[in-house]
$ cat work_21.cif   # mmCIF, C-alpha atoms and all ligand atoms
data_input
loop_
_atom_site.group_PDB
_atom_site.id
_atom_site.type_symbol
_atom_site.label_atom_id
_atom_site.label_comp_id
_atom_site.auth_asym_id
_atom_site.auth_seq_id
_atom_site.Cartn_x
_atom_site.Cartn_y
_atom_site.Cartn_z
ATOM 1 C CA MET Z 106 70.119 132.397 101.443
ATOM 2 C CA LYS Z 107 71.116 128.914 102.521
ATOM 3 C CA VAL Z 108 71.738 128.465 106.252
ATOM 4 C CA LEU Z 109 73.646 125.321 107.147
ATOM 5 C CA VAL Z 110 73.426 123.891 110.659
ATOM 6 C CA ALA Z 111 76.605 121.820 110.909
ATOM 7 C CA THR Z 112 76.920 120.073 114.244
ATOM 8 C CA ASP Z 113 78.927 116.994 115.051
ATOM 9 C CA LYS Z 114 76.985 116.941 118.338
ATOM 10 C CA PRO Z 115 73.359 117.420 117.215
ATOM 11 C CA PHE Z 116 70.890 119.850 118.708
ATOM 12 C CA ALA Z 117 67.743 118.329 120.225
ATOM 13 C CA PRO Z 118 65.052 117.811 117.531
ATOM 14 C CA VAL Z 119 62.798 120.359 119.250
ATOM 15 C CA ALA Z 120 65.552 122.965 118.821
ATOM 16 C CA ILE Z 121 65.978 122.115 115.121
ATOM 17 C CA THR Z 122 62.233 122.606 114.591
ATOM 18 C CA GLN Z 123 62.448 126.093 116.061
ATOM 19 C CA ILE Z 124 65.677 126.968 114.233
ATOM 20 C CA ARG Z 125 63.988 125.933 110.979
ATOM 21 C CA GLU Z 126 60.923 128.057 111.763
ATOM 22 C CA VAL Z 127 62.985 131.185 112.441
ATOM 23 C CA THR Z 128 65.157 130.628 109.369
ATOM 24 C CA GLU Z 129 62.274 129.994 106.958
ATOM 25 C CA LYS Z 130 60.202 132.852 108.380
ATOM 26 C CA GLY Z 131 63.199 135.051 107.602
ATOM 27 C CA GLY Z 132 63.002 133.926 103.949
ATOM 28 C CA HIS Z 133 65.950 131.513 104.001
ATOM 29 C CA THR Z 134 66.369 127.768 103.600
ATOM 30 C CA LEU Z 135 67.829 125.457 106.208
ATOM 31 C CA ALA Z 136 70.193 122.556 105.575
ATOM 32 C CA LEU Z 137 71.266 120.121 108.249
ATOM 33 C CA LEU Z 138 74.491 118.181 108.668
ATOM 34 C CA GLU Z 139 74.733 116.246 111.919
ATOM 35 C CA LYS Z 140 77.223 113.702 113.299
ATOM 36 C CA TYR Z 141 79.479 114.039 110.260
ATOM 37 C CA LYS Z 142 82.329 111.571 110.157
ATOM 38 C CA THR Z 143 84.967 113.514 108.231
ATOM 39 C CA THR Z 144 85.961 117.121 107.573
ATOM 40 C CA GLN Z 145 85.452 116.370 103.861
ATOM 41 C CA GLU Z 146 81.783 115.776 104.610
ATOM 42 C CA LEU Z 147 81.616 119.105 106.451
ATOM 43 C CA HIS Z 148 83.424 120.923 103.639
ATOM 44 C CA ALA Z 149 81.118 119.423 100.999
ATOM 45 C CA ALA Z 150 78.008 120.514 102.925
ATOM 46 C CA ALA Z 151 79.411 124.039 103.327
ATOM 47 C CA ALA Z 152 80.125 124.430 99.591
ATOM 48 C CA ASP Z 153 76.909 126.369 98.876
ATOM 49 C CA ALA Z 154 76.171 127.749 102.371
ATOM 50 C CA ASP Z 155 75.690 131.503 102.825
ATOM 51 C CA ALA Z 156 75.517 131.180 106.599
ATOM 52 C CA MET Z 157 76.482 128.526 109.115
ATOM 53 C CA ILE Z 158 75.413 127.636 112.635
ATOM 54 C CA VAL Z 159 77.965 125.499 114.474
ATOM 55 C CA ARG Z 160 78.687 124.330 118.017
ATOM 56 C CA SER Z 161 82.223 123.211 118.890
ATOM 57 C CA ASP Z 162 82.747 122.332 115.223
ATOM 58 C CA ILE Z 163 86.028 123.538 113.746
ATOM 59 C CA VAL Z 164 85.724 126.533 111.445
ATOM 60 C CA ASP Z 165 89.235 126.961 110.082
ATOM 61 C CA ALA Z 166 90.843 128.359 106.941
ATOM 62 C CA ALA Z 167 90.263 125.084 105.050
ATOM 63 C CA LEU Z 168 86.533 125.152 105.756
ATOM 64 C CA ILE Z 169 86.340 128.789 104.757
ATOM 65 C CA THR Z 170 88.064 128.012 101.470
ATOM 66 C CA ALA Z 171 85.550 125.212 100.913
ATOM 67 C CA ALA Z 172 82.650 127.629 101.512
ATOM 68 C CA PRO Z 173 83.044 130.401 98.909
ATOM 69 C CA ARG Z 174 79.568 131.874 99.529
ATOM 70 C CA LEU Z 175 79.867 132.004 103.314
ATOM 71 C CA LYS Z 176 79.095 135.439 104.770
ATOM 72 C CA ILE Z 177 78.355 134.721 108.426
ATOM 73 C CA VAL Z 178 79.101 131.931 110.894
ATOM 74 C CA VAL Z 179 77.460 131.820 114.301
ATOM 75 C CA ARG Z 180 78.812 129.645 117.070
ATOM 76 C CA ALA Z 181 75.651 128.626 118.961
ATOM 77 C CA GLY Z 182 77.253 128.917 122.369
ATOM 78 C CA ALA Z 183 79.692 131.007 124.339
ATOM 79 C CA GLY Z 184 83.258 129.849 123.670
ATOM 80 C CA TYR Z 185 84.452 130.554 120.146
ATOM 81 C CA ASP Z 186 87.931 129.033 120.367
ATOM 82 C CA ASN Z 187 86.828 126.688 117.547
ATOM 83 C CA LEU Z 188 86.543 129.590 115.079
ATOM 84 C CA ASP Z 189 89.567 130.898 113.207
ATOM 85 C CA LEU Z 190 88.708 134.561 113.591
ATOM 86 C CA GLN Z 191 91.584 135.811 111.444
ATOM 87 C CA ALA Z 192 90.595 133.539 108.590
ATOM 88 C CA CYS Z 193 86.991 134.781 108.894
ATOM 89 C CA THR Z 194 88.132 138.410 108.821
ATOM 90 C CA ALA Z 195 90.437 137.798 105.856
ATOM 91 C CA ARG Z 196 87.445 136.520 103.855
ATOM 92 C CA ASN Z 197 85.125 139.247 105.184
ATOM 93 C CA ILE Z 198 83.001 136.706 107.036
ATOM 94 C CA VAL Z 199 81.202 137.861 110.168
ATOM 95 C CA ALA Z 200 81.765 135.533 113.144
ATOM 96 C CA MET Z 201 79.400 135.662 116.119
ATOM 97 C CA ASN Z 202 78.592 133.750 119.278
ATOM 98 C CA THR Z 203 75.394 133.627 121.363
ATOM 99 C CA PRO Z 204 76.610 134.625 124.833
ATOM 100 C CA GLY Z 205 74.606 133.566 127.874
ATOM 101 C CA GLN Z 206 72.216 131.282 126.020
ATOM 102 C CA ASN Z 207 73.475 128.002 127.421
ATOM 103 C CA SER Z 208 74.973 129.213 130.701
ATOM 104 C CA ASN Z 209 72.352 127.794 133.053
ATOM 105 C CA ALA Z 210 72.836 124.315 131.603
ATOM 106 C CA VAL Z 211 76.593 124.532 132.173
ATOM 107 C CA ALA Z 212 76.138 125.756 135.752
ATOM 108 C CA GLU Z 213 73.652 122.976 136.526
ATOM 109 C CA LEU Z 214 76.156 120.417 135.224
ATOM 110 C CA ALA Z 215 78.888 121.911 137.443
ATOM 111 C CA PHE Z 216 76.636 121.418 140.461
ATOM 112 C CA GLY Z 217 75.756 117.914 139.289
ATOM 113 C CA LEU Z 218 79.463 117.090 139.223
ATOM 114 C CA MET Z 219 79.968 118.577 142.689
ATOM 115 C CA ILE Z 220 77.051 116.669 144.228
ATOM 116 C CA TYR Z 221 78.078 113.430 142.516
ATOM 117 C CA ASN Z 222 81.554 113.833 143.954
ATOM 118 C CA ALA Z 223 80.461 114.965 147.423
ATOM 119 C CA ARG Z 224 78.187 111.891 147.655
ATOM 120 C CA GLY Z 225 80.914 109.474 146.588
ATOM 121 C CA ALA Z 226 79.413 108.769 143.164
ATOM 122 C CA PHE Z 227 76.209 107.673 144.936
ATOM 123 C CA ASP Z 228 77.909 104.583 146.357
ATOM 124 C CA GLY Z 229 75.779 104.502 149.501
ATOM 125 C CA LYS Z 230 78.640 105.449 151.830
ATOM 126 C CA THR Z 231 78.955 108.591 153.966
ATOM 127 C CA GLY Z 232 79.606 111.682 151.873
ATOM 128 C CA THR Z 233 79.810 115.409 152.489
ATOM 129 C CA GLU Z 234 77.521 118.390 151.858
ATOM 130 C CA LEU Z 235 78.011 121.546 149.853
ATOM 131 C CA MET Z 236 76.316 123.744 152.453
ATOM 132 C CA GLY Z 237 78.783 126.008 154.231
ATOM 133 C CA LYS Z 238 81.636 125.126 151.856
ATOM 134 C CA THR Z 239 83.627 127.738 149.960
ATOM 135 C CA LEU Z 240 83.181 128.007 146.186
ATOM 136 C CA GLY Z 241 85.552 130.096 144.065
ATOM 137 C CA LEU Z 242 84.349 131.190 140.659
ATOM 138 C CA HIS Z 243 87.260 131.772 138.324
ATOM 139 C CA ALA Z 244 85.551 134.366 136.113
ATOM 140 C CA PHE Z 245 82.178 135.920 136.641
ATOM 141 C CA GLY Z 246 80.512 135.962 133.231
ATOM 142 C CA ALA Z 247 77.151 134.435 132.331
ATOM 143 C CA VAL Z 248 77.969 130.983 133.713
ATOM 144 C CA GLY Z 249 79.584 132.438 136.843
ATOM 145 C CA LYS Z 250 76.397 134.391 137.580
ATOM 146 C CA CYS Z 251 74.277 131.233 137.254
ATOM 147 C CA MET Z 252 76.731 129.446 139.540
ATOM 148 C CA ALA Z 253 76.324 132.176 142.175
ATOM 149 C CA ARG Z 254 72.531 131.948 142.008
ATOM 150 C CA ILE Z 255 72.510 128.164 142.431
ATOM 151 C CA ALA Z 256 75.248 128.220 145.087
ATOM 152 C CA SER Z 257 73.226 130.585 147.240
ATOM 153 C CA GLY Z 258 70.423 127.974 147.316
ATOM 154 C CA PHE Z 259 72.945 125.400 148.506
ATOM 155 C CA GLY Z 260 74.184 127.751 151.230
ATOM 156 C CA MET Z 261 77.755 127.885 149.907
ATOM 157 C CA LYS Z 262 80.092 130.812 150.581
ATOM 158 C CA VAL Z 263 80.880 132.164 147.130
ATOM 159 C CA PHE Z 264 83.985 134.079 146.043
ATOM 160 C CA ALA Z 265 84.869 135.255 142.547
ATOM 161 C CA TYR Z 266 87.832 136.626 140.657
ATOM 162 C CA ASP Z 267 87.261 138.478 137.421
ATOM 163 C CA PRO Z 268 89.294 141.558 136.528
ATOM 164 C CA PHE Z 269 86.790 142.418 133.762
ATOM 165 C CA VAL Z 270 83.727 142.599 136.022
ATOM 166 C CA ASP Z 271 83.018 145.358 138.524
ATOM 167 C CA LYS Z 272 82.926 144.317 142.148
ATOM 168 C CA LYS Z 273 79.551 145.979 142.728
ATOM 169 C CA SER Z 274 77.765 143.544 140.411
ATOM 170 C CA MET Z 275 79.494 140.671 142.195
ATOM 171 C CA SER Z 276 78.394 141.848 145.627
ATOM 172 C CA GLU Z 277 74.849 142.391 144.324
ATOM 173 C CA ALA Z 278 74.898 138.707 143.348
ATOM 174 C CA GLY Z 279 75.924 137.790 146.905
ATOM 175 C CA VAL Z 280 79.505 137.028 145.886
ATOM 176 C CA THR Z 281 82.685 138.181 147.621
ATOM 177 C CA ALA Z 282 85.033 139.654 145.013
ATOM 178 C CA VAL Z 283 88.721 138.923 145.599
ATOM 179 C CA ASP Z 284 91.551 141.087 144.307
ATOM 180 C CA THR Z 285 93.875 138.427 142.979
ATOM 181 C CA VAL Z 286 93.525 135.017 141.436
ATOM 182 C CA GLU Z 287 95.854 133.697 144.145
ATOM 183 C CA ASP Z 288 93.410 134.935 146.805
ATOM 184 C CA LEU Z 289 90.648 132.981 145.104
ATOM 185 C CA TYR Z 290 92.506 129.681 145.030
ATOM 186 C CA SER Z 291 93.804 130.005 148.583
ATOM 187 C CA SER Z 292 90.324 130.840 149.944
ATOM 188 C CA CYS Z 293 88.226 128.127 148.350
ATOM 189 C CA GLN Z 294 87.826 124.367 148.751
ATOM 190 C CA TYR Z 295 85.856 124.216 145.500
ATOM 191 C CA ILE Z 296 87.119 126.084 142.439
ATOM 192 C CA SER Z 297 84.923 126.236 139.344
ATOM 193 C CA LEU Z 298 86.509 127.408 136.096
ATOM 194 C CA HIS Z 299 84.601 129.732 133.785
ATOM 195 C CA ILE Z 300 87.375 131.326 131.742
ATOM 196 C CA PRO Z 301 87.555 131.099 127.940
ATOM 197 C CA ALA Z 302 90.353 129.214 126.181
ATOM 198 C CA ASN Z 303 92.635 131.699 124.453
ATOM 199 C CA ASP Z 304 96.345 132.405 124.115
ATOM 200 C CA LYS Z 305 96.458 133.971 127.577
ATOM 201 C CA THR Z 306 94.479 131.297 129.440
ATOM 202 C CA LYS Z 307 95.591 128.042 127.820
ATOM 203 C CA ASN Z 308 97.698 126.016 130.293
ATOM 204 C CA SER Z 309 97.309 128.802 132.834
ATOM 205 C CA ILE Z 310 95.834 126.710 135.667
ATOM 206 C CA GLY Z 311 98.715 124.700 137.031
ATOM 207 C CA GLU Z 312 100.623 123.874 140.190
ATOM 208 C CA LYS Z 313 101.245 127.502 141.151
ATOM 209 C CA LEU Z 314 97.529 128.184 141.620
ATOM 210 C CA LEU Z 315 96.182 124.733 142.457
ATOM 211 C CA SER Z 316 98.712 124.134 145.223
ATOM 212 C CA LEU Z 317 97.245 127.155 147.069
ATOM 213 C CA MET Z 318 93.905 125.390 147.538
ATOM 214 C CA PRO Z 319 93.022 124.198 151.042
ATOM 215 C CA ILE Z 320 92.757 120.528 152.071
ATOM 216 C CA GLY Z 321 89.865 118.724 150.388
ATOM 217 C CA ALA Z 322 90.363 120.718 147.199
ATOM 218 C CA VAL Z 323 87.946 120.009 144.340
ATOM 219 C CA VAL Z 324 88.570 121.558 140.915
ATOM 220 C CA VAL Z 325 85.532 121.666 138.626
ATOM 221 C CA ASN Z 326 86.219 122.324 134.957
ATOM 222 C CA THR Z 327 83.211 122.933 132.726
ATOM 223 C CA ALA Z 328 85.198 125.488 130.700
ATOM 224 C CA ARG Z 329 87.847 123.965 128.411
ATOM 225 C CA LYS Z 330 90.400 121.248 129.124
ATOM 226 C CA GLU Z 331 93.041 123.412 127.436
ATOM 227 C CA VAL Z 332 93.071 125.934 130.309
ATOM 228 C CA ILE Z 333 94.499 123.280 132.659
ATOM 229 C CA ASN Z 334 98.187 122.455 132.679
ATOM 230 C CA GLU Z 335 97.572 118.724 132.798
ATOM 231 C CA ALA Z 336 101.155 117.677 133.530
ATOM 232 C CA GLU Z 337 101.235 119.952 136.579
ATOM 233 C CA LEU Z 338 97.769 118.846 137.694
ATOM 234 C CA VAL Z 339 98.881 115.217 137.556
ATOM 235 C CA SER Z 340 102.076 115.861 139.474
ATOM 236 C CA LEU Z 341 100.183 117.855 142.108
ATOM 237 C CA MET Z 342 97.478 115.199 142.489
ATOM 238 C CA GLU Z 343 100.248 112.652 143.089
ATOM 239 C CA LYS Z 344 101.483 114.767 146.005
ATOM 240 C CA ARG Z 345 98.123 116.091 147.193
ATOM 241 C CA THR Z 346 96.088 112.942 147.727
ATOM 242 C CA ASP Z 347 93.194 115.064 148.992
ATOM 243 C CA MET Z 348 92.764 116.831 145.630
ATOM 244 C CA LYS Z 349 90.024 115.940 143.139
ATOM 245 C CA TYR Z 350 89.398 116.953 139.546
ATOM 246 C CA LEU Z 351 85.947 116.917 137.918
ATOM 247 C CA SER Z 352 85.776 117.812 134.285
ATOM 248 C CA ASP Z 353 83.228 118.117 131.498
ATOM 249 C CA ILE Z 354 85.349 116.165 128.990
ATOM 250 C CA ALA Z 355 88.304 113.893 129.601
ATOM 251 C CA THR Z 356 91.853 115.145 129.943
ATOM 252 C CA ASP Z 357 94.479 114.102 127.406
ATOM 253 C CA ASN Z 358 95.797 111.778 130.146
ATOM 254 C CA ALA Z 359 92.554 109.907 130.834
ATOM 255 C CA GLU Z 360 94.215 106.493 131.158
ATOM 256 C CA LEU Z 361 96.738 107.851 133.599
ATOM 257 C CA PHE Z 362 93.940 109.328 135.734
ATOM 258 C CA ALA Z 363 92.180 105.949 135.700
ATOM 259 C CA SER Z 364 95.307 104.122 136.832
ATOM 260 C CA LYS Z 365 96.462 106.629 139.461
ATOM 261 C CA PHE Z 366 93.503 108.591 140.746
ATOM 262 C CA ALA Z 367 90.554 106.198 141.106
ATOM 263 C CA GLY Z 368 87.738 107.905 143.000
ATOM 264 C CA ARG Z 369 89.432 111.302 142.747
ATOM 265 C CA TYR Z 370 88.325 112.343 139.289
ATOM 266 C CA PHE Z 371 85.311 112.258 137.037
ATOM 267 C CA PHE Z 372 85.125 113.005 133.312
ATOM 268 C CA THR Z 373 81.945 113.207 131.266
ATOM 269 C CA PRO Z 374 82.112 110.901 128.225
ATOM 270 C CA LYS Z 375 81.417 113.831 125.893
ATOM 271 C CA LYS Z 376 81.362 117.595 126.456
ATOM 272 C CA MET Z 377 77.801 117.924 127.704
ATOM 273 C CA GLY Z 378 77.560 121.126 129.750
ATOM 274 C CA ALA Z 379 75.329 122.768 127.160
ATOM 275 C CA GLN Z 380 73.608 119.546 126.133
ATOM 276 C CA THR Z 381 70.052 120.213 127.312
ATOM 277 C CA GLU Z 382 66.945 120.798 125.230
ATOM 278 C CA GLU Z 383 66.595 124.233 126.765
ATOM 279 C CA ALA Z 384 70.171 125.288 126.007
ATOM 280 C CA ASN Z 385 69.924 123.861 122.482
ATOM 281 C CA ILE Z 386 66.761 125.877 121.875
ATOM 282 C CA ASN Z 387 68.157 129.050 123.460
ATOM 283 C CA SER Z 388 71.479 129.045 121.652
ATOM 284 C CA GLY Z 389 70.267 127.548 118.351
ATOM 285 C CA VAL Z 390 67.317 129.906 117.973
ATOM 286 C CA ALA Z 391 69.465 132.883 119.016
ATOM 287 C CA ALA Z 392 71.948 131.919 116.285
ATOM 288 C CA ALA Z 393 69.175 131.639 113.683
ATOM 289 C CA ARG Z 394 67.720 135.010 114.723
ATOM 290 C CA GLN Z 395 71.138 136.666 114.543
ATOM 291 C CA ILE Z 396 71.618 135.341 110.997
ATOM 292 C CA VAL Z 397 68.149 136.440 109.858
ATOM 293 C CA ASP Z 398 68.714 139.866 111.397
ATOM 294 C CA PHE Z 399 72.170 140.176 109.864
ATOM 295 C CA PHE Z 400 70.854 139.516 106.354
ATOM 296 C CA ALA Z 401 67.818 141.780 106.890
ATOM 297 C CA THR Z 402 69.461 144.763 108.606
ATOM 298 C CA GLY Z 403 73.206 144.206 108.749
ATOM 299 C CA ASN Z 404 73.060 143.958 112.558
ATOM 300 C CA GLU Z 405 76.460 142.778 113.802
ATOM 301 C CA LYS Z 406 75.746 142.670 117.522
ATOM 302 C CA TYR Z 407 77.610 139.695 119.023
ATOM 303 C CA ARG Z 408 80.279 139.878 116.328
ATOM 304 C CA VAL Z 409 83.531 138.487 117.779
ATOM 305 C CA ASN Z 410 85.994 139.003 114.920
ATOM 306 C CA LYS Z 411 87.450 142.257 113.658
ATOM 307 C CA PRO Z 412 86.052 143.689 110.423
ATOM 308 C CA LYS Z 413 88.421 143.596 107.434
HETATM 309 C C1 LIG Z 501 80.070 126.806 124.945
HETATM 310 O O1 LIG Z 501 81.200 127.308 124.807
HETATM 311 O O2 LIG Z 501 79.036 127.438 124.695
HETATM 312 C C2 LIG Z 501 79.933 125.413 125.517
HETATM 313 O O3 LIG Z 501 81.156 124.845 125.767
HETATM 314 C C3 LIG Z 501 79.054 124.520 124.671
HETATM 315 O O4 LIG Z 501 79.726 123.776 123.702
HETATM 316 P P1 LIG Z 501 78.905 122.766 122.762
HETATM 317 O O5 LIG Z 501 77.975 123.568 121.929
HETATM 318 O O6 LIG Z 501 79.938 122.045 121.972
HETATM 319 O O7 LIG Z 501 78.135 121.831 123.652
#
$ encode --input "work_21.cif" --output "structure tokens"
Amino acid sequence: MKVLVATDKPFAPVAITQIREVTEKGGHTLALLEKYKTTQELHAAAADADAMIVRSDIVDAALITAAPRLKIVVRAGAGYDNLDLQACTARNIVAMNTPGQNSNAVAELAFGLMIYNARGAFDGKTGTELMGKTLGLHAFGAVGKCMARIASGFGMKVFAYDPFVDKKSMSEAGVTAVDTVEDLYSSCQYISLHIPANDKTKNSIGEKLLSLMPIGAVVVNTARKEVINEAELVSLMEKRTDMKYLSDIATDNAELFASKFAGRYFFTPKKMGAQTEEANINSGVAAARQIVDFFATGNEKYRVNKPK
């Protein structure tokens, strides 16, 4: 079978070496398409692919039509909002993700953003410390758990809201579980978002929640920009001059932030939460193993779309 790694944002070379090893050991061939410029290029490369490994690359109905042999697509990462699950199901294609494989990298970036902000972008002036501050984790999945572990080293007081996770596992991780999302936002100076982007969560973080945050509020978004209601965030930051927004990828209103909120925001130039060698190896190799296993045994663990 032909396994195509199609990534606009390439994996580290060391990860590609290991992905190739796993794929070839499984009896398959590996093709590589990196930094493609157009969707046509992506579609052409997918024309004879039996399996695909992607990152945030768009897998939509058009790509699926262009890939008549495709049987499985694995998103090497956690969030699969870039996959059209219905289109995959309609063509009987198995869609998977690799949960947890890049979560430490994302959590480390979130702390990097918080430190950078607390120390005034390393400008040499007096900053603040994270120790003793309140951190609210909006969702307690794989990244949330890494956040809790790192936060305990910093001496932060950690709260979490996640209706899908039992409170016992939160307290075992040293985290105070709160009953409502409103409780989380009103209790914490720092809020870190770890929710997926889906129909329920898109635009869900707006003035209603953010305005509950105490003075000195810092919102850290290493999830997806789509979960923020940007218009409401902007209007709140105009009123709340204490509020800051740190995000792994620019908002749609980046120029407006630059003109209005200097020193109160930071955006990475490219989504880079999972962009470490370790995360590339973990998620890329996991994806390759899942594909090899799927072809060898039919194992559909980590499948995220419904069967036909
Ligand atoms: C994820 O959902 O796993 C992260 O956002 C990583 O995305 P990336 O593979 O595009 O860096």
$ resolve_selection --input "work_21.cif" --expression "the PyMOL selection byres (((chain Z and resi 213) around 12) and not hetatm)" --output "number ranges by chain"
Z: 207-212, 214-220, 248-256, 327, 353, 377-381, 384
$ resolve_selection --input "work_21.cif" --expression "the PyMOL selection byres (((chain Z and resi 412) around 10) and not hetatm)" --output "ChimeraX atom specification"
/Z:191,193-200,408-411,413
$ resolve_selection --input "work_21.cif" --expression "the PyMOL selection byres (((chain Z and resi 243) around 6) and not hetatm)" --output "NGL selection string"
:Z and (242 or 244 or 265-266 or 298-299)
$ axis_aligned_box --input "work_21.cif" --around "ligand LIG 501 (chain Z)" --padding-each-side "6 Å" --output "AutoDock Vina command-line options"
--center_x 79.6 --center_y 124.6 --center_z 123.8 --size_x 15.2 --size_y 17.6 --size_z 15.8
$ residues_around --input "work_21.cif" --residues "Pro319 of chain Z" --least-positions-apart "6" --cutoff "8 Å" --atoms "all atoms listed in the file" --output "ChimeraX atom specification"
/Z:291-294
$ closest_residue --input "work_21.cif" --among "Z:Lys330, Z:Asp357, Z:Gly131, Z:Ala393" --to "Lys376 of chain Z" --atoms "all atoms listed in the file"
Z:Lys330
$ closest_residue --input "work_21.cif" --among "Z:Pro301, Z:Gly258, Z:Gly311, Z:Gly389" --to "Thr128 of chain Z" --atoms "all atoms listed in the file"
Z:Gly389
$ atom_distance --input "work_21.cif" --atom1 "atom CA of Thr373 of chain Z" --atom2 "atom CA of Ile333 of chain Z"
16.2 Å
$ atom_distance --input "work_21.cif" --atom1 "atom CA of Arg160 of chain Z" --atom2 "atom CA of Val178 of chain Z"
10.4 Å
$ atom_distance --input "work_21.cif" --atom1 "atom CA of Glu382 of chain Z" --atom2 "atom CA of Val119 of chain Z"
7.3 Å
$ residues_around --input "work_21.cif" --residues "Phe399 of chain Z" --least-positions-apart "5" --cutoff "10 Å" --atoms "only C-alpha atoms" --output "list in words"
Lys176, Ile177, Val199, Ala393, Arg394, Asn404, Glu405 and Lys406 of chain Z
$ write_last_selection --input "work_21.cif" --atoms "C-alpha atoms" --output "mmCIF file, in the frame of the given file"
data_model
loop_
_atom_site.group_PDB
_atom_site.id
_atom_site.type_symbol
_atom_site.label_atom_id
_atom_site.label_comp_id
_atom_site.auth_asym_id
_atom_site.auth_seq_id
_atom_site.Cartn_x
_atom_site.Cartn_y
_atom_site.Cartn_z
ATOM 1 C CA LYS Z 176 79.095 135.439 104.770
ATOM 2 C CA ILE Z 177 78.355 134.721 108.426
ATOM 3 C CA VAL Z 199 81.202 137.861 110.168
ATOM 4 C CA ALA Z 393 69.175 131.639 113.683
ATOM 5 C CA ARG Z 394 67.720 135.010 114.723
ATOM 6 C CA ASN Z 404 73.060 143.958 112.558
ATOM 7 C CA GLU Z 405 76.460 142.778 113.802
ATOM 8 C CA LYS Z 406 75.746 142.670 117.522
#
$ closest_residue --input "work_21.cif" --among "Z:Ala363, Z:Val108, Z:Leu289, Z:Ile354" --to "ligand LIG 501 (chain Z)" --atoms "only C-alpha atoms and all ligand atoms"
Z:Ile354
$ residues_around --input "work_21.cif" --residues "Asp155 of chain Z" --least-positions-apart "4" --cutoff "12 Å" --atoms "all atoms listed in the file" --output "number ranges by chain"
Z: 106-110, 133-136, 150-151, 169, 171-179, 198-199, 396-397, 399-400
$ write_last_selection --input "work_21.cif" --atoms "C-alpha atoms" --output "mmCIF file, keeping the file's coordinate frame"
data_model
loop_
_atom_site.group_PDB
_atom_site.id
_atom_site.type_symbol
_atom_site.label_atom_id
_atom_site.label_comp_id
_atom_site.auth_asym_id
_atom_site.auth_seq_id
_atom_site.Cartn_x
_atom_site.Cartn_y
_atom_site.Cartn_z
ATOM 1 C CA MET Z 106 70.119 132.397 101.443
ATOM 2 C CA LYS Z 107 71.116 128.914 102.521
ATOM 3 C CA VAL Z 108 71.738 128.465 106.252
ATOM 4 C CA LEU Z 109 73.646 125.321 107.147
ATOM 5 C CA VAL Z 110 73.426 123.891 110.659
ATOM 6 C CA HIS Z 133 65.950 131.513 104.001
ATOM 7 C CA THR Z 134 66.369 127.768 103.600
ATOM 8 C CA LEU Z 135 67.829 125.457 106.208
ATOM 9 C CA ALA Z 136 70.193 122.556 105.575
ATOM 10 C CA ALA Z 150 78.008 120.514 102.925
ATOM 11 C CA ALA Z 151 79.411 124.039 103.327
ATOM 12 C CA ILE Z 169 86.340 128.789 104.757
ATOM 13 C CA ALA Z 171 85.550 125.212 100.913
ATOM 14 C CA ALA Z 172 82.650 127.629 101.512
ATOM 15 C CA PRO Z 173 83.044 130.401 98.909
ATOM 16 C CA ARG Z 174 79.568 131.874 99.529
ATOM 17 C CA LEU Z 175 79.867 132.004 103.314
ATOM 18 C CA LYS Z 176 79.095 135.439 104.770
ATOM 19 C CA ILE Z 177 78.355 134.721 108.426
ATOM 20 C CA VAL Z 178 79.101 131.931 110.894
ATOM 21 C CA VAL Z 179 77.460 131.820 114.301
ATOM 22 C CA ILE Z 198 83.001 136.706 107.036
ATOM 23 C CA VAL Z 199 81.202 137.861 110.168
ATOM 24 C CA ILE Z 396 71.618 135.341 110.997
ATOM 25 C CA VAL Z 397 68.149 136.440 109.858
ATOM 26 C CA PHE Z 399 72.170 140.176 109.864
ATOM 27 C CA PHE Z 400 70.854 139.516 106.354
#
$ closest_residue --input "work_21.cif" --among "Z:Ile386, Z:Leu314, Z:Ala192, Z:Leu341" --to "ligand LIG 501 (chain Z)" --atoms "all atoms listed in the file"
Z:Ile386
$ residues_around --input "work_21.cif" --residues "Tyr290 of chain Z" --least-positions-apart "4" --cutoff "12 Å" --atoms "all atoms listed in the file" --output "compact mmCIF listing (two decimals) with C-alpha atoms, keeping the file's coordinate frame"
# COMPACT_ATOMS: atom_id res chain seq x y z
CA THR Z 239 83.63 127.74 149.96
CA LEU Z 240 83.18 128.01 146.19
CA GLY Z 241 85.55 130.10 144.06
CA LEU Z 242 84.35 131.19 140.66
CA HIS Z 243 87.26 131.77 138.32
CA PHE Z 264 83.98 134.08 146.04
CA ALA Z 265 84.87 135.26 142.55
CA TYR Z 266 87.83 136.63 140.66
CA VAL Z 283 88.72 138.92 145.60
CA ASP Z 284 91.55 141.09 144.31
CA THR Z 285 93.88 138.43 142.98
CA VAL Z 286 93.52 135.02 141.44
CA GLN Z 294 87.83 124.37 148.75
CA TYR Z 295 85.86 124.22 145.50
CA ILE Z 296 87.12 126.08 142.44
CA SER Z 297 84.92 126.24 139.34
CA LEU Z 298 86.51 127.41 136.10
CA ILE Z 310 95.83 126.71 135.67
CA GLY Z 311 98.72 124.70 137.03
CA GLU Z 312 100.62 123.87 140.19
CA LYS Z 313 101.24 127.50 141.15
CA LEU Z 314 97.53 128.18 141.62
CA LEU Z 315 96.18 124.73 142.46
CA SER Z 316 98.71 124.13 145.22
CA LEU Z 317 97.24 127.16 147.07
CA MET Z 318 93.90 125.39 147.54
CA PRO Z 319 93.02 124.20 151.04
CA ILE Z 320 92.76 120.53 152.07
CA ALA Z 322 90.36 120.72 147.20
CA VAL Z 323 87.95 120.01 144.34
CA VAL Z 324 88.57 121.56 140.92
